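> Take a look at model.cif, mmCIF, C-alpha atoms:
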```
data_structure
#
loop_
_atom_site.label_atom_id
_atom_site.label_comp_id
_atom_site.auth_asym_id
_atom_site.auth_seq_id
_atom_site.Cartn_x
_atom_site.Cartn_y
_atom_site.Cartn_z
CA MET G 1 0.00 0.00 0.00
CA PHE G 2 1.31 3.49 -0.78
CA LEU G 3 -0.20 6.96 -0.23
CA ILE G 4 0.85 10.45 -1.30
CA LYS G 5 0.06 13.28 1.05
CA VAL G 6 -0.60 16.73 -0.46
CA LEU G 7 0.52 19.48 1.89
CA GLU G 8 -0.81 23.05 1.94
CA GLU G 9 0.76 25.52 4.34
CA GLY G 10 2.29 22.70 6.33
CA ARG G 11 -1.01 20.86 6.76
CA VAL G 12 -2.36 17.75 4.99
CA SER G 13 -5.12 18.89 2.70
CA ASN G 14 -5.59 15.77 0.61
CA VAL G 15 -4.38 12.21 0.17
CA VAL G 16 -4.06 10.74 -3.30
CA GLY G 17 -2.53 7.61 -4.78
CA SER G 18 -3.47 3.94 -4.92
CA ALA G 19 -3.61 1.12 -2.43
CA THR G 20 -3.01 -2.54 -3.12
CA ASP G 21 -4.38 -5.08 -0.73
CA ILE G 22 -1.55 -7.56 -0.26
CA THR G 23 -3.48 -9.76 2.19
CA GLU G 24 -4.81 -12.13 -0.47
CA ARG G 25 -1.41 -12.37 -2.11
CA LYS G 26 0.25 -13.21 1.21
CA ILE G 27 -2.37 -15.87 1.91
CA LEU G 28 -1.81 -17.35 -1.54
CA GLU G 29 1.96 -17.40 -1.00
CA LEU G 30 1.52 -19.19 2.32
CA GLU G 31 -0.84 -21.70 0.75
CA LEU G 32 1.58 -22.39 -2.10
CA GLU G 33 4.42 -22.86 0.38
CA LYS G 34 2.26 -25.23 2.41
CA TYR G 35 1.34 -27.36 -0.61
CA ALA G 36 4.96 -27.42 -1.74
CA ASN G 37 6.21 -28.77 1.59
CA TYR G 38 3.33 -30.61 3.26
CA ASP G 39 1.18 -33.57 2.35
CA LYS G 40 -2.33 -32.37 1.52
CA LEU G 41 -4.09 -35.35 3.14
CA THR G 42 -2.23 -35.81 6.42
CA GLY G 43 -0.66 -32.39 6.89
CA LEU G 44 2.71 -34.05 7.47
CA PRO G 45 5.91 -32.93 5.74
CA ASN G 46 6.03 -34.34 2.22
CA ARG G 47 8.90 -35.99 0.36
CA ARG G 48 10.44 -32.66 -0.60
CA LEU G 49 10.55 -31.24 2.93
CA PHE G 50 11.65 -34.62 4.31
CA PHE G 51 14.77 -34.61 2.15
CA GLU G 52 15.54 -31.01 3.13
CA ARG G 53 15.42 -31.96 6.80
CA LEU G 54 17.33 -35.21 6.26
CA ASN G 55 20.12 -33.40 4.44
CA GLN G 56 20.25 -30.85 7.24
CA MET G 57 20.44 -33.64 9.83
CA VAL G 58 23.38 -35.21 7.99
CA LEU G 59 25.24 -31.89 8.04
CA GLU G 60 24.50 -31.28 11.74
CA ASN G 61 25.50 -34.76 12.87
CA GLU G 62 28.63 -34.71 10.73
CA ARG G 63 29.65 -31.50 12.41
CA TYR G 64 28.99 -32.67 15.99
CA ASN G 65 29.93 -36.34 15.48
CA THR G 66 26.53 -37.58 16.70
CA LYS G 67 24.01 -40.16 15.52
CA PHE G 68 20.41 -40.14 14.36
CA ALA G 69 18.01 -42.81 13.12
CA LEU G 70 16.01 -42.96 9.91
CA LEU G 71 12.89 -45.15 9.88
CA PHE G 72 11.12 -46.29 6.71
CA ILE G 73 7.58 -47.46 7.49
CA ASP G 74 5.12 -49.34 5.29
CA LEU G 75 1.57 -50.04 6.50
CA ASP G 76 0.81 -53.74 6.15
CA GLY G 77 -2.82 -54.44 5.28
CA PHE G 78 -3.59 -50.97 3.98
CA LYS G 79 -4.22 -52.10 0.41
CA GLU G 80 -6.83 -54.60 1.57
CA ILE G 81 -8.63 -51.89 3.56
CA ASN G 82 -8.56 -49.53 0.59
CA ASP G 83 -9.88 -52.22 -1.76
CA SER G 84 -12.58 -53.43 0.63
CA TYR G 85 -13.94 -50.16 2.02
CA GLY G 86 -12.93 -47.53 -0.53
CA HIS G 87 -10.59 -44.56 -0.68
CA GLU G 88 -12.44 -42.47 1.91
CA VAL G 89 -11.87 -45.05 4.62
CA GLY G 90 -8.35 -45.59 3.32
CA ASP G 91 -7.62 -41.87 3.57
CA GLU G 92 -8.86 -41.82 7.18
CA VAL G 93 -6.55 -44.73 7.99
CA LEU G 94 -3.60 -42.76 6.62
CA ILE G 95 -4.57 -39.69 8.64
CA ILE G 96 -4.92 -41.72 11.85
CA ALA G 97 -1.63 -43.50 11.20
CA GLY G 98 0.13 -40.17 10.66
CA ASN G 99 -1.29 -38.80 13.92
CA ARG G 100 -0.19 -41.90 15.82
CA LEU G 101 3.31 -41.55 14.49
CA LEU G 102 3.40 -37.95 15.66
CA GLU G 103 2.20 -39.00 19.11
CA SER G 104 5.01 -41.54 19.37
CA ILE G 105 7.94 -39.16 18.87
CA ARG G 106 9.36 -35.92 20.22
CA LYS G 107 8.58 -32.53 18.73
CA SER G 108 12.19 -32.25 17.61
CA ASP G 109 11.84 -35.38 15.44
CA THR G 110 10.25 -35.48 11.97
CA VAL G 111 7.45 -37.63 10.54
CA ALA G 112 6.87 -37.41 6.78
CA ARG G 113 4.57 -39.09 4.30
CA MET G 114 6.53 -40.30 1.30
CA GLY G 115 3.44 -41.27 -0.70
CA GLY G 116 0.82 -44.01 -0.62
CA ASP G 117 1.07 -45.87 2.68
CA GLU G 118 4.77 -45.17 3.21
CA PHE G 119 6.05 -42.91 5.99
CA THR G 120 9.50 -41.92 7.21
CA ILE G 121 10.70 -40.72 10.60
CA ILE G 122 13.92 -38.94 11.55
CA ILE G 123 14.80 -39.47 15.22
CA ARG G 124 17.43 -37.08 16.49
CA ASN G 125 20.20 -37.61 19.02
CA ILE G 126 19.98 -41.33 19.63
CA GLU G 127 22.26 -42.54 22.41
CA ASP G 128 22.20 -46.32 22.10
CA LYS G 129 20.33 -49.25 20.55
CA GLU G 130 18.21 -49.79 23.66
CA ASN G 131 16.89 -46.26 23.47
CA ILE G 132 15.93 -46.46 19.79
CA ASP G 133 14.47 -49.94 20.30
CA ARG G 134 12.05 -48.53 22.85
CA VAL G 135 10.84 -45.80 20.51
CA ILE G 136 10.41 -48.17 17.56
CA LYS G 137 8.47 -50.71 19.64
CA LYS G 138 6.17 -47.90 20.76
CA ILE G 139 5.56 -46.87 17.14
CA HIS G 140 5.03 -50.46 16.00
CA THR G 141 2.53 -51.16 18.81
CA LYS G 142 0.67 -47.87 18.38
CA LEU G 143 0.00 -48.52 14.71
CA GLN G 144 -1.59 -51.90 15.50
CA GLU G 145 -4.33 -50.41 17.69
CA ASP G 146 -7.90 -50.57 16.30
CA MET G 147 -9.00 -47.76 14.01
CA VAL G 148 -12.78 -47.21 14.07
CA ILE G 149 -14.01 -45.20 11.08
CA ASP G 150 -17.77 -44.72 11.05
CA ASP G 151 -18.99 -48.32 11.52
CA VAL G 152 -15.83 -49.91 10.14
CA LYS G 153 -13.07 -51.27 12.38
CA CYS G 154 -9.73 -51.34 10.61
CA ASN G 155 -6.41 -52.83 11.62
CA VAL G 156 -3.00 -52.37 10.10
CA ASN G 157 0.44 -53.63 10.98
CA SER G 158 3.76 -52.09 10.03
CA SER G 159 7.06 -53.11 8.52
CA ILE G 160 9.80 -50.76 9.72
CA GLY G 161 13.34 -50.57 8.39
CA ILE G 162 15.92 -48.60 10.37
CA ALA G 163 19.17 -47.02 9.26
CA ILE G 164 21.62 -45.20 11.52
CA TYR G 165 23.83 -42.26 10.61
CA PRO G 166 26.80 -42.59 10.14
CA ASP G 167 26.99 -46.37 10.58
CA ASN G 168 24.81 -47.12 7.58
CA GLY G 169 25.42 -44.20 5.26
CA LEU G 170 27.00 -40.80 5.04
CA ASP G 171 24.35 -39.11 2.91
CA SER G 172 20.57 -39.05 2.62
CA GLU G 173 20.35 -41.38 -0.37
CA GLU G 174 22.46 -44.08 1.27
CA LEU G 175 20.50 -43.88 4.50
CA LEU G 176 17.12 -44.04 2.81
CA LYS G 177 18.22 -46.96 0.64
CA SER G 178 19.48 -48.87 3.69
CA ALA G 179 16.25 -48.29 5.64
CA ASP G 180 14.16 -49.22 2.60
CA GLU G 181 16.11 -52.45 2.07
CA ALA G 182 15.71 -53.41 5.73
CA MET G 183 11.96 -52.79 5.47
CA TYR G 184 11.66 -55.03 2.41
CA GLU G 185 13.50 -57.81 4.24
CA ILE G 186 10.60 -57.81 6.70
CA LYS G 187 8.11 -57.87 3.83
CA LYS G 188 9.80 -60.92 2.32
CA ASN G 189 9.68 -62.75 5.65
CA GLY G 190 5.96 -62.36 6.35
CA LYS G 191 5.50 -58.65 7.15
CA GLY G 192 4.91 -57.03 10.52
CA GLY G 193 8.00 -56.12 12.50
CA PHE G 194 11.10 -53.96 12.47
CA LYS G 195 14.68 -54.52 11.42
CA PHE G 196 17.91 -52.58 11.69
CA SER G 197 20.02 -52.42 8.59
CA ASN G 198 22.74 -55.07 8.83
CA LYS G 199 25.46 -52.47 8.47
CA SER G 200 24.38 -50.63 11.63
CA ILE G 201 23.60 -53.36 14.14
CA GLY G 202 27.16 -54.30 15.06
CA LYS G 203 28.34 -50.72 15.50
CA LEU G 204 25.41 -49.79 17.70
CA CYS G 205 25.90 -52.77 19.97
CA SER G 206 29.64 -52.31 20.36
#
```
Please rewrite the model in this file as structure tokens.

Amino acid sequence: MFLIKVLEEGRVSNVVGSATDITERKILELELEKYANYDKLTGLPNRRLFFERLNQMVLENERYNTKFALLFIDLDGFKEINDSYGHEVGDEVLIIAGNRLLESIRKSDTVARMGGDEFTIIIRNIEDKENIDRVIKKIHTKLQEDMVIDDVKCNVNSSIGIAIYPDNGLDSEELLKSADEAMYEIKKNGKGGFKFSNKSIGKLCS
């Protein structure tokens, strides 16, 4: 907004010019930023924002010589729910699952939806395997609780692959690949459970 004041004998006699209401533009900019960085369905960070935060975590932990965990989560049984009850119920399951993941971690950690029924979690400042085990068991158990949507009771399980920085990768792509591979090992062996990437287990336990 800009205004031009017309002065006569030191006093304002008139105001001329034009005003532009920037409120709608600011709202639009905020909305565009939100859609660029957050999943429209669950409100969680999307793939783009996840990688930004993961890259930042790698830089921080490299600098301070600390560790963090990356979890790759797939919802077992989601496809059957979606096929049996439709996309509306399926969408509600994803929303509930996202909320349960948020409830299971600290505010300083990150939950993201990668797409479909796949989620990722970045857990900061892990101290030892026992500590991260406790968090993962909490997540795994929480996701198995009944979900009641209208008159439909739904149940999902989860396959969770875990990679540790720097034991299992020094960049975001390596870490995600390691967590993804660990998750698929669970899938091949009957689904439902969690597994640390083979490269990280020995170093954490030592």
> Can you tell me which residues surround stretch 155-161 of chain G at a distance of at most 7 Å, considering only C-alpha atoms, apart from same-chain residues fewer than 5 positions away, and format the answer as number ranges by chain?
G: 71-78, 140, 143-147, 179-180, 182-183, 186-187, 191-197
> Quick one: residues within 9 Å of stretch 44-53 of chain G, only C-alpha atoms, excluding same-chain residues fewer than 2 positions away - as a PyMOL selection string?
chain G and resi 35-42+55-58+98-99+110-115+120-122+172
> Applying 10 Å and all atoms listed in the file, which residues near G:Val148 remain after dropping the ones on its own chain fewer than 6 positions away? List them as a list in words.
Val89, Glu92, Val93, Ile96, Cys154 and Asn155 of chain G
> Calculated over all atoms listed in the file, which of the candidates G:Lys138, G:Arg100, G:Arg25, G:Lys199 has the smallest distance to G:Asp167?
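Smallest separation from G:Asp167 among the options: G:Lys199.
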> What do you get, as a ChimeraX atom specification, if you spell out every residue that the PyMOL selection byres ((chain G and resi 135) around 12) selects here?
/G:69,71,101-106,109,121-124,126,128-134,136-142,160,162,194
> Could you please determine the separation between atom CA of G:Glu181 and atom CA of G:Ala163 in Å, to one decimal place?
9.5 Å
> Grab the atom CA of G:Asn168 to atom CA of G:Lys67 distance for me, in Å with one decimal place.
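Between atom CA of G:Asn168 and atom CA of G:Lys67 the gap is 10.6 Å.
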> To one decimal place in Å, what is the distance between atom CA of G:Asp83 and atom CA of G:Asp150?
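Between these atoms lies a distance of 16.8 Å.
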